[in-house]
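Participant: Handing over data30.pdb, PDB, C-alpha atoms.
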```
ATOM      1  CA  MET A   1     -84.981  75.448  37.701
ATOM      2  CA  ILE A   2     -81.476  74.773  39.080
ATOM      3  CA  THR A   3     -79.008  77.268  40.545
ATOM      4  CA  ILE A   4     -75.638  76.078  41.826
ATOM      5  CA  GLN A   5     -73.517  78.743  43.485
ATOM      6  CA  ASP A   6     -69.915  78.162  44.645
ATOM      7  CA  VAL A   7     -70.683  74.494  45.327
ATOM      8  CA  SER A   8     -67.934  72.201  46.569
ATOM      9  CA  LYS A   9     -68.032  68.615  47.787
ATOM     10  CA  VAL A  10     -65.140  67.421  49.930
ATOM     11  CA  TYR A  11     -64.541  63.910  51.243
ATOM     12  CA  SER A  12     -62.197  63.404  54.189
ATOM     13  CA  LEU A  13     -59.853  60.492  53.537
ATOM     14  CA  GLU A  14     -56.919  59.088  55.471
ATOM     15  CA  SER A  15     -54.626  60.592  52.857
ATOM     16  CA  GLY A  16     -56.290  63.996  53.238
ATOM     17  CA  ASP A  17     -59.249  65.915  51.838
ATOM     18  CA  PHE A  18     -60.455  64.968  48.375
ATOM     19  CA  PHE A  19     -62.339  67.634  46.412
ATOM     20  CA  ALA A  20     -64.926  65.848  44.265
ATOM     21  CA  LEU A  21     -66.291  69.270  43.231
ATOM     22  CA  LYS A  22     -64.570  72.652  43.514
ATOM     23  CA  ASN A  23     -66.499  75.942  43.697
ATOM     24  CA  ASN A  24     -68.794  75.327  40.733
ATOM     25  CA  ASN A  25     -71.446  77.711  39.436
ATOM     26  CA  ILE A  26     -74.242  76.579  37.116
ATOM     27  CA  HIS A  27     -77.694  77.850  36.173
ATOM     28  CA  ILE A  28     -80.044  75.485  34.327
ATOM     29  CA  ASN A  29     -83.319  76.877  33.019
ATOM     30  CA  LYS A  30     -86.619  75.035  33.033
ATOM     31  CA  GLY A  31     -87.022  72.941  29.900
ATOM     32  CA  GLU A  32     -83.326  72.510  29.114
ATOM     33  CA  PHE A  33     -81.792  69.146  28.178
ATOM     34  CA  VAL A  34     -78.265  69.201  29.625
ATOM     35  CA  ALA A  35     -75.569  66.579  29.221
ATOM     36  CA  ILE A  36     -72.788  66.484  31.812
ATOM     37  CA  MET A  37     -69.609  64.920  30.438
ATOM     38  CA  GLY A  38     -66.210  64.131  31.864
ATOM     39  CA  PRO A  39     -63.788  61.266  32.523
ATOM     40  CA  SER A  40     -64.329  58.766  35.323
ATOM     41  CA  GLY A  41     -63.818  60.398  38.707
ATOM     42  CA  SER A  42     -64.324  63.904  37.352
ATOM     43  CA  GLY A  43     -67.254  64.664  39.675
ATOM     44  CA  LYS A  44     -70.149  64.457  37.216
ATOM     45  CA  SER A  45     -72.109  61.812  39.137
ATOM     46  CA  THR A  46     -71.424  63.635  42.417
ATOM     47  CA  LEU A  47     -72.947  66.755  40.889
ATOM     48  CA  LEU A  48     -76.036  64.804  39.812
ATOM     49  CA  GLN A  49     -76.440  63.380  43.324
ATOM     50  CA  LEU A  50     -76.308  66.870  44.827
ATOM     51  CA  ILE A  51     -78.929  68.185  42.385
ATOM     52  CA  GLY A  52     -81.183  65.257  43.280
ATOM     53  CA  GLY A  53     -80.837  65.761  47.020
ATOM     54  CA  LEU A  54     -79.126  62.391  47.500
ATOM     55  CA  ASP A  55     -76.231  64.194  49.171
ATOM     56  CA  LEU A  56     -75.448  67.685  50.435
ATOM     57  CA  PRO A  57     -72.617  69.994  49.325
ATOM     58  CA  THR A  58     -69.802  70.724  51.740
ATOM     59  CA  SER A  59     -70.115  74.408  50.876
ATOM     60  CA  GLY A  60     -72.067  76.661  48.550
ATOM     61  CA  GLN A  61     -75.762  77.085  47.744
ATOM     62  CA  LEU A  62     -77.956  74.692  45.772
ATOM     63  CA  ASN A  63     -81.497  75.646  44.742
ATOM     64  CA  VAL A  64     -83.676  73.241  42.741
ATOM     65  CA  ASP A  65     -87.173  74.252  41.611
ATOM     66  CA  GLY A  66     -87.439  76.829  44.377
ATOM     67  CA  THR A  67     -86.134  74.529  47.117
ATOM     68  CA  GLN A  68     -82.908  75.420  48.944
ATOM     69  CA  LEU A  69     -81.508  71.928  49.429
ATOM     70  CA  ASN A  70     -78.813  73.053  51.875
ATOM     71  CA  HIS A  71     -81.515  73.789  54.449
ATOM     72  CA  LEU A  72     -83.313  70.426  54.299
ATOM     73  CA  ASN A  73     -82.866  67.571  56.736
ATOM     74  CA  GLU A  74     -82.793  63.966  55.519
ATOM     75  CA  LYS A  75     -86.558  63.440  55.816
ATOM     76  CA  GLU A  76     -87.283  66.670  53.945
ATOM     77  CA  ARG A  77     -84.849  65.709  51.192
ATOM     78  CA  THR A  78     -86.591  62.343  50.839
ATOM     79  CA  LEU A  79     -89.923  64.111  50.316
ATOM     80  CA  PHE A  80     -88.280  66.505  47.866
ATOM     81  CA  ARG A  81     -86.931  63.611  45.785
ATOM     82  CA  ARG A  82     -90.205  61.733  45.858
ATOM     83  CA  ARG A  83     -92.293  64.673  44.705
ATOM     84  CA  LYS A  84     -90.043  66.708  42.424
ATOM     85  CA  VAL A  85     -87.347  64.523  40.857
ATOM     86  CA  GLY A  86     -87.428  61.480  38.618
ATOM     87  CA  PHE A  87     -84.271  59.355  38.644
ATOM     88  CA  VAL A  88     -83.065  57.102  35.816
ATOM     89  CA  PHE A  89     -79.987  54.951  36.467
ATOM     90  CA  GLN A  90     -77.602  52.939  34.304
ATOM     91  CA  ASN A  91     -78.554  49.682  36.056
ATOM     92  CA  TYR A  92     -82.311  50.419  35.978
ATOM     93  CA  GLN A  93     -82.664  49.655  39.729
ATOM     94  CA  LEU A  94     -85.977  47.868  39.317
ATOM     95  CA  LEU A  95     -87.002  45.581  42.164
ATOM     96  CA  PRO A  96     -86.819  42.032  40.742
ATOM     97  CA  MET A  97     -89.557  40.583  42.951
ATOM     98  CA  MET A  98     -92.083  43.218  41.851
ATOM     99  CA  THR A  99     -94.052  43.382  38.626
ATOM    100  CA  VAL A 100     -93.755  46.240  36.163
ATOM    101  CA  THR A 101     -96.875  47.817  37.651
ATOM    102  CA  GLU A 102     -95.561  47.524  41.207
ATOM    103  CA  ASN A 103     -92.190  49.041  40.270
ATOM    104  CA  ILE A 104     -93.771  52.022  38.549
ATOM    105  CA  ALA A 105     -96.291  52.501  41.366
ATOM    106  CA  LEU A 106     -93.729  52.734  44.190
ATOM    107  CA  SER A 107     -93.797  56.519  44.567
ATOM    108  CA  LEU A 108     -97.548  56.661  43.950
ATOM    109  CA  SER A 109     -98.145  54.144  46.729
ATOM    110  CA  ALA A 110     -95.767  56.016  49.041
ATOM    111  CA  ASN A 111     -97.864  59.138  48.468
ATOM    112  CA  LYS A 112    -101.046  57.158  49.238
ATOM    113  CA  ALA A 113    -102.637  57.380  45.793
ATOM    114  CA  SER A 114    -105.790  55.293  45.398
ATOM    115  CA  LYS A 115    -105.627  51.906  43.688
ATOM    116  CA  SER A 116    -107.733  53.147  40.773
ATOM    117  CA  ASP A 117    -105.528  56.218  40.323
ATOM    118  CA  ILE A 118    -102.394  54.047  40.420
ATOM    119  CA  ASN A 119    -103.762  51.620  37.822
ATOM    120  CA  SER A 120    -104.837  54.469  35.558
ATOM    121  CA  ARG A 121    -101.492  56.272  35.858
ATOM    122  CA  VAL A 122     -99.429  53.104  35.310
ATOM    123  CA  HIS A 123    -101.501  52.188  32.255
ATOM    124  CA  GLN A 124    -100.978  55.640  30.741
ATOM    125  CA  LEU A 125     -97.243  55.635  31.483
ATOM    126  CA  LEU A 126     -96.748  52.242  29.877
ATOM    127  CA  GLU A 127     -98.558  53.454  26.780
ATOM    128  CA  ASP A 128     -96.311  56.541  26.765
ATOM    129  CA  VAL A 129     -93.141  54.403  26.783
ATOM    130  CA  ASN A 130     -94.560  51.833  24.329
ATOM    131  CA  LEU A 131     -94.824  48.995  26.841
ATOM    132  CA  GLY A 132     -98.572  48.507  26.954
ATOM    133  CA  GLY A 133     -99.494  44.981  28.028
ATOM    134  CA  LYS A 134     -96.385  44.463  30.188
ATOM    135  CA  GLU A 135     -98.117  45.347  33.471
ATOM    136  CA  THR A 136     -97.834  41.898  35.103
ATOM    137  CA  GLN A 137     -94.379  40.946  33.867
ATOM    138  CA  PHE A 138     -91.270  40.947  36.048
ATOM    139  CA  PRO A 139     -87.998  42.724  35.185
ATOM    140  CA  SER A 140     -86.276  39.415  34.385
ATOM    141  CA  GLN A 141     -88.819  38.881  31.600
ATOM    142  CA  LEU A 142     -87.874  42.141  29.869
ATOM    143  CA  SER A 143     -84.953  43.168  27.689
ATOM    144  CA  GLY A 144     -82.501  45.817  28.888
ATOM    145  CA  GLY A 145     -84.161  48.453  26.745
ATOM    146  CA  GLN A 146     -87.591  47.527  28.089
ATOM    147  CA  GLN A 147     -86.323  47.653  31.676
ATOM    148  CA  GLN A 148     -84.942  51.150  31.084
ATOM    149  CA  ARG A 149     -88.332  52.208  29.677
ATOM    150  CA  VAL A 150     -89.977  50.902  32.861
ATOM    151  CA  ALA A 151     -87.423  52.900  34.870
ATOM    152  CA  ILE A 152     -88.346  56.041  32.919
ATOM    153  CA  ALA A 153     -92.049  55.369  33.472
ATOM    154  CA  ARG A 154     -91.325  55.010  37.193
ATOM    155  CA  ALA A 155     -89.410  58.306  37.127
ATOM    156  CA  LEU A 156     -92.448  60.001  35.564
ATOM    157  CA  ALA A 157     -95.026  58.563  37.953
ATOM    158  CA  MET A 158     -95.266  61.677  40.158
ATOM    159  CA  LYS A 159     -95.172  64.036  37.144
ATOM    160  CA  PRO A 160     -91.807  65.608  38.050
ATOM    161  CA  GLN A 161     -90.511  68.673  36.269
ATOM    162  CA  LEU A 162     -86.934  67.352  36.521
ATOM    163  CA  ILE A 163     -85.407  64.063  35.357
ATOM    164  CA  LEU A 164     -81.874  63.155  36.433
ATOM    165  CA  ALA A 165     -80.355  60.393  34.315
ATOM    166  CA  ASP A 166     -77.028  58.781  35.238
ATOM    167  CA  GLU A 167     -75.563  56.990  32.185
ATOM    168  CA  PRO A 168     -79.071  55.898  31.048
ATOM    169  CA  THR A 169     -77.733  54.199  27.898
ATOM    170  CA  GLY A 170     -74.610  52.716  29.467
ATOM    171  CA  ASN A 171     -75.884  49.112  29.539
ATOM    172  CA  LEU A 172     -77.794  49.213  26.244
ATOM    173  CA  ASP A 173     -76.906  48.375  22.665
ATOM    174  CA  GLN A 174     -76.896  51.167  20.108
ATOM    175  CA  LYS A 175     -80.511  50.737  18.953
ATOM    176  CA  ASN A 176     -81.973  50.590  22.460
ATOM    177  CA  GLY A 177     -79.738  53.471  23.526
ATOM    178  CA  GLU A 178     -81.005  55.599  20.662
ATOM    179  CA  ASP A 179     -84.606  54.734  21.575
ATOM    180  CA  ILE A 180     -84.071  55.810  25.202
ATOM    181  CA  LEU A 181     -82.469  59.098  24.125
ATOM    182  CA  ALA A 182     -85.355  59.723  21.721
ATOM    183  CA  LEU A 183     -87.811  59.144  24.564
ATOM    184  CA  LEU A 184     -85.962  61.556  26.872
ATOM    185  CA  SER A 185     -85.839  64.137  24.067
ATOM    186  CA  LYS A 186     -89.564  63.742  23.463
ATOM    187  CA  LEU A 187     -90.353  64.260  27.142
ATOM    188  CA  ASN A 188     -88.118  67.316  27.156
ATOM    189  CA  LYS A 189     -89.583  68.894  24.032
ATOM    190  CA  GLU A 190     -93.250  67.979  24.362
ATOM    191  CA  GLU A 191     -93.724  68.221  28.119
ATOM    192  CA  GLN A 192     -90.973  70.743  28.906
ATOM    193  CA  ILE A 193     -89.444  68.403  31.479
ATOM    194  CA  THR A 194     -85.929  69.503  32.392
ATOM    195  CA  VAL A 195     -83.443  66.678  31.778
ATOM    196  CA  VAL A 196     -79.939  66.556  33.263
ATOM    197  CA  MET A 197     -78.000  63.540  32.012
ATOM    198  CA  VAL A 198     -74.550  62.304  33.001
ATOM    199  CA  THR A 199     -72.823  60.474  30.166
ATOM    200  CA  HIS A 200     -69.381  59.634  28.816
ATOM    201  CA  ASP A 201     -70.907  58.795  25.416
ATOM    202  CA  GLN A 202     -70.451  61.479  22.775
ATOM    203  CA  GLN A 203     -73.464  60.265  20.775
ATOM    204  CA  ALA A 204     -75.668  60.359  23.864
ATOM    205  CA  ALA A 205     -74.483  63.875  24.680
ATOM    206  CA  ALA A 206     -75.436  64.956  21.170
ATOM    207  CA  ALA A 207     -79.111  64.471  22.109
ATOM    208  CA  ALA A 208     -78.879  67.364  24.584
ATOM    209  CA  ASN A 209     -79.077  71.054  23.751
ATOM    210  CA  ARG A 210     -76.307  71.956  26.185
ATOM    211  CA  ILE A 211     -73.106  70.206  27.232
ATOM    212  CA  ILE A 212     -71.274  70.841  30.503
ATOM    213  CA  VAL A 213     -67.816  69.289  30.786
ATOM    214  CA  ILE A 214     -66.243  68.575  34.180
ATOM    215  CA  ARG A 215     -62.627  67.633  34.840
ATOM    216  CA  ASP A 216     -61.062  67.147  38.285
ATOM    217  CA  GLY A 217     -64.153  68.532  39.996
ATOM    218  CA  GLU A 218     -64.290  71.760  37.998
ATOM    219  CA  ILE A 219     -66.418  72.895  35.072
ATOM    220  CA  VAL A 220     -64.115  73.497  32.129
ATOM    221  CA  ASN A 221     -66.697  74.014  29.367
ATOM    222  CA  ASP A 222     -70.378  74.943  29.255
ATOM    223  CA  LEU A 223     -71.677  75.311  25.713
ATOM    224  CA  LYS A 224     -75.108  75.296  24.105
ATOM    225  CA  LYS A 225     -75.983  73.611  20.844
ATOM    226  CA  GLY A 226     -75.056  75.698  17.834
ATOM    227  CA  VAL A 227     -75.986  75.541  14.204
ATOM    228  CA  ASN A 228     -73.858  72.423  13.688
ATOM    229  CA  GLY A 229     -75.519  70.512  16.522
ATOM    230  CA  ASN A 230     -73.900  68.844  19.524
ATOM    231  CA  GLU A 231     -72.268  65.780  17.992
ATOM    232  CA  SER A 232     -69.145  67.585  16.795
ATOM    233  CA  LEU A 233     -69.191  69.694  19.937
ATOM    234  CA  ALA A 234     -69.248  66.625  22.174
ATOM    235  CA  SER A 235     -66.430  65.080  20.161
ATOM    236  CA  SER A 236     -64.241  68.131  20.548
ATOM    237  CA  LEU A 237     -64.872  68.529  24.279
ATOM    238  CA  ALA A 238     -64.794  64.934  25.534
TER
END
```
Translate the structure described by the file into structure tokens.

Facilitator:
Amino acid sequence: MITIQDVSKVYSLESGDFFALKNNNIHINKGEFVAIMGPSGSGKSTLLQLIGGLDLPTSGQLNVDGTQLNHLNEKERTLFRRRKVGFVFQNYQLLPMMTVTENIALSLSANKASKSDINSRVHQLLEDVNLGGKETQFPSQLSGGQQQRVAIARALAMKPQLILADEPTGNLDQKNGEDILALLSKLNKEEQITVVMVTHDQQAAAAANRIIVIRDGEIVNDLKKGVNGNESLASSLA
């Protein structure tokens, strides 16, 4: 699903070059649930942006679901994101002036789906995330947990095989956070959707079956869940 080979990301600053990522190599198989951990400024969100085609590496090769992202121009990367990747963000990023239906339907409308197909798909997605009946409500009328469920439904609208989640539980209380992680785990296990999640939360990381730890732009640990699970693993690595 994802192959990262000798990937670096360098930003040119007045004080000199800053290496957000340094010659990293990762292979993520289809159907994995991967948590990327690390302190603030370690490069974990930069890595997620590169995987999602939101930015390009300074050097190295990046292949996602058979697409060599290094070779795409901005328009091609936009189409790649729209068709192949579902994004879930810490701040939900729902459009406040649009209803739940309109937020979820954004990518469907951009791909010129029919009105009946959009309504059918939105209805099914809301049932899948346990928000049936919320079609006409606005984000301000929903709780944080409900807004994140709408964001996940929006991410699933085009039936992507990859979900990229950047601190998806960061603004939620423990109960809502656990519900969102359970939903991501269900999508991963039942639909074999690959999930790559950036988090600083050890409990959130424990939901994944693999933990990659980044410090100062470099991968320092890459371990899969063992017989004792990931919670103790996350605690020891964070």

Participant: Rank nothing, just name the residue among A:Ala208, A:Arg83, A:Asp173, A:Gly38 nearest to Lys186 (chain A), using all atoms listed in the file.

Facilitator: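 The closest residue to Lys186 (chain A) is A:Ala208.
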
Participant: Check the smallest atom-to-atom distance from each of A:Ser116, A:Asn70, A:Asn188, A:Gln148 to Asn209 (chain A) using all atoms listed in the file, then report the winner.

Facilitator: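 Selected residue with least distance to Asn209 (chain A): A:Asn188.
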
Participant: When the PyMOL selection byres ((chain A and resi 89) around 7) is applied to the file above, which residues end up in the set, as a ChimeraX atom specification?

Facilitator: /A:87-88,90-93,165-168

Participant: For each of A:Asp179, A:Asp17, A:Glu102, A:Glu191, take the minimum atom-to-atom distance to Ala204 (chain A), counting only C-alpha atoms, then give the residue where this is smallest.

Facilitator: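 Looking at the shortest contact to Ala204 (chain A), the residue is A:Asp179.
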
Participant: Once you add 8 Å to each side, what are the centre and edge lengths of the axis-aligned box holding all listed atoms of region 126-138 of chain A? One decimal in Å, as AutoDock Vina command-line options, if you can.

Facilitator:
```
--center_x -95.4 --center_y 48.7 --center_z 30.2 --size_x 24.2 --size_y 31.6 --size_z 27.7
```

Participant: Evaluated on this file, the PyMOL selection byres ((chain A and resi 201) around 10) picks out some residues - which ones are they, written as a list of chain:residue names?

Facilitator: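 Selected by the PyMOL selection byres ((chain A and resi 201) around 10) here: A:Ala35, A:Met37, A:Gly38, A:Glu167, A:Thr169, A:Gly170, A:Val198, A:Thr199, A:His200, A:Gln202, A:Gln203, A:Ala204, A:Ala205, A:Ala206, A:Ala234, A:Ser235, A:Ala238.
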
Participant: Any chance you could resolve the PyMOL selection byres ((chain A and resi 111) around 12) against this file and give the residues as a list of chain:residue names?

Facilitator: A:Thr78, A:Leu79, A:Arg82, A:Arg83, A:Ala105, A:Leu106, A:Ser107, A:Leu108, A:Ser109, A:Ala110, A:Lys112, A:Ala113, A:Ser114, A:Lys115, A:Asp117, A:Ile118, A:Ala157, A:Met158

Participant: Could you save those same residues with C-alpha atoms as a compact mmCIF listing (two decimals), keeping the file's coordinate frame?

Facilitator:
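Output contents, as saved in part.txt:
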```
# COMPACT_ATOMS: atom_id res chain seq x y z
CA THR A 78 -86.59 62.34 50.84
CA LEU A 79 -89.92 64.11 50.32
CA ARG A 82 -90.20 61.73 45.86
CA ARG A 83 -92.29 64.67 44.70
CA ALA A 105 -96.29 52.50 41.37
CA LEU A 106 -93.73 52.73 44.19
CA SER A 107 -93.80 56.52 44.57
CA LEU A 108 -97.55 56.66 43.95
CA SER A 109 -98.14 54.14 46.73
CA ALA A 110 -95.77 56.02 49.04
CA LYS A 112 -101.05 57.16 49.24
CA ALA A 113 -102.64 57.38 45.79
CA SER A 114 -105.79 55.29 45.40
CA LYS A 115 -105.63 51.91 43.69
CA ASP A 117 -105.53 56.22 40.32
CA ILE A 118 -102.39 54.05 40.42
CA ALA A 157 -95.03 58.56 37.95
CA MET A 158 -95.27 61.68 40.16
```

Participant: Would you compute the distance between CA of Val129 (chain A) and CA of Gly31 (chain A)? Give it in Å to one decimal.

Facilitator: 19.8 Å

Participant: Compile the contact shell of Asn29 (chain A) as a PyMOL selection string: residues with an atom at most 9 Å away, counting all atoms listed in the file, same-chain residues fewer than 3 positions apart removed.

Facilitator: chain A and resi 1-3+32+194

Participant: Skipping near chain neighbours, those fewer than 5 positions away, what residues fall within 9 Å of Leu21 (chain A) using only C-alpha atoms, listed as an mmCIF file with C-alpha atoms, in the frame of the given file?

Facilitator:
```
data_model
loop_
_atom_site.group_PDB
_atom_site.id
_atom_site.type_symbol
_atom_site.label_atom_id
_atom_site.label_comp_id
_atom_site.auth_asym_id
_atom_site.auth_seq_id
_atom_site.Cartn_x
_atom_site.Cartn_y
_atom_site.Cartn_z
ATOM 1 C CA VAL A 7 -70.683 74.494 45.327
ATOM 2 C CA SER A 8 -67.934 72.201 46.569
ATOM 3 C CA LYS A 9 -68.032 68.615 47.787
ATOM 4 C CA VAL A 10 -65.140 67.421 49.930
ATOM 5 C CA SER A 42 -64.324 63.904 37.352
ATOM 6 C CA GLY A 43 -67.254 64.664 39.675
ATOM 7 C CA LYS A 44 -70.149 64.457 37.216
ATOM 8 C CA THR A 46 -71.424 63.635 42.417
ATOM 9 C CA LEU A 47 -72.947 66.755 40.889
ATOM 10 C CA PRO A 57 -72.617 69.994 49.325
ATOM 11 C CA ASP A 216 -61.062 67.147 38.285
ATOM 12 C CA GLY A 217 -64.153 68.532 39.996
ATOM 13 C CA GLU A 218 -64.290 71.760 37.998
ATOM 14 C CA ILE A 219 -66.418 72.895 35.072
#
```

Participant: Could you please determine the separation between CA of Val195 (chain A) and CA of Ser59 (chain A) in Å, to one decimal place?

Facilitator: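 Interatomic distance, CA of Val195 (chain A) to CA of Ser59 (chain A): 24.5 Å.
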
Participant: Go ahead and compute the interatomic distance for CA of Phe138 (chain A) and CA of Met98 (chain A), in Å to one decimal.

Facilitator: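 It comes out at 6.3 Å.
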
Participant: Which is closer to Ala207 (chain A) than all the others in A:Glu135, A:Asp128, A:Glu178, A:Glu74, using all atoms listed in the file?

Facilitator: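 Ranking A:Glu135, A:Asp128, A:Glu178, A:Glu74 by distance to Ala207 (chain A), first place goes to A:Glu178.
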
Participant: What lies within 8 Å of Gln137 (chain A) using all atoms listed in the file, ignoring chain neighbours under 4 positions off, as a compact mmCIF listing (two decimals) with C-alpha atoms, in the coordinates of the input?

Facilitator:
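Final file, part30.txt:
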```txt
# COMPACT_ATOMS: atom_id res chain seq x y z
CA THR A 99 -94.05 43.38 38.63
CA VAL A 100 -93.76 46.24 36.16
CA GLN A 141 -88.82 38.88 31.60
CA LEU A 142 -87.87 42.14 29.87
```

Participant: For a quick check of understanding, using all atoms listed in the file, which of A:Ile104, A:Leu223, A:Gln49, A:Ala20 has the smallest distance to Leu62 (chain A)?

Facilitator: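 When distances to Leu62 (chain A) are compared using all atoms listed in the file, the smallest one comes from A:Gln49.
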
Participant: Counting only C-alpha atoms, which of A:Leu95, A:Leu126, A:Leu56, A:Leu181 gets nearest to Phe33 (chain A)?

Facilitator: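 So, comparing all the options, the nearest one is A:Leu181.
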
Participant: Skip Gly132 (chain A) itself and residues of its chain fewer than 4 positions away, then list as a PDB file with C-alpha atoms, keeping the file's coordinate frame all residues within 12 Å of it, counting all atoms listed in the file.

Facilitator:
```
ATOM      1  CA  VAL A 100     -93.755  46.240  36.163  1.00  0.00           C
ATOM      2  CA  THR A 101     -96.875  47.817  37.651  1.00  0.00           C
ATOM      3  CA  VAL A 122     -99.429  53.104  35.310  1.00  0.00           C
ATOM      4  CA  HIS A 123    -101.501  52.188  32.255  1.00  0.00           C
ATOM      5  CA  GLN A 124    -100.978  55.640  30.741  1.00  0.00           C
ATOM      6  CA  LEU A 125     -97.243  55.635  31.483  1.00  0.00           C
ATOM      7  CA  LEU A 126     -96.748  52.242  29.877  1.00  0.00           C
ATOM      8  CA  GLU A 127     -98.558  53.454  26.780  1.00  0.00           C
ATOM      9  CA  ASP A 128     -96.311  56.541  26.765  1.00  0.00           C
ATOM     10  CA  THR A 136     -97.834  41.898  35.103  1.00  0.00           C
ATOM     11  CA  GLN A 137     -94.379  40.946  33.867  1.00  0.00           C
ATOM     12  CA  GLN A 146     -87.591  47.527  28.089  1.00  0.00           C
ATOM     13  CA  ARG A 149     -88.332  52.208  29.677  1.00  0.00           C
ATOM     14  CA  VAL A 150     -89.977  50.902  32.861  1.00  0.00           C
ATOM     15  CA  ALA A 153     -92.049  55.369  33.472  1.00  0.00           C
TER      16      ALA A 153
END
```
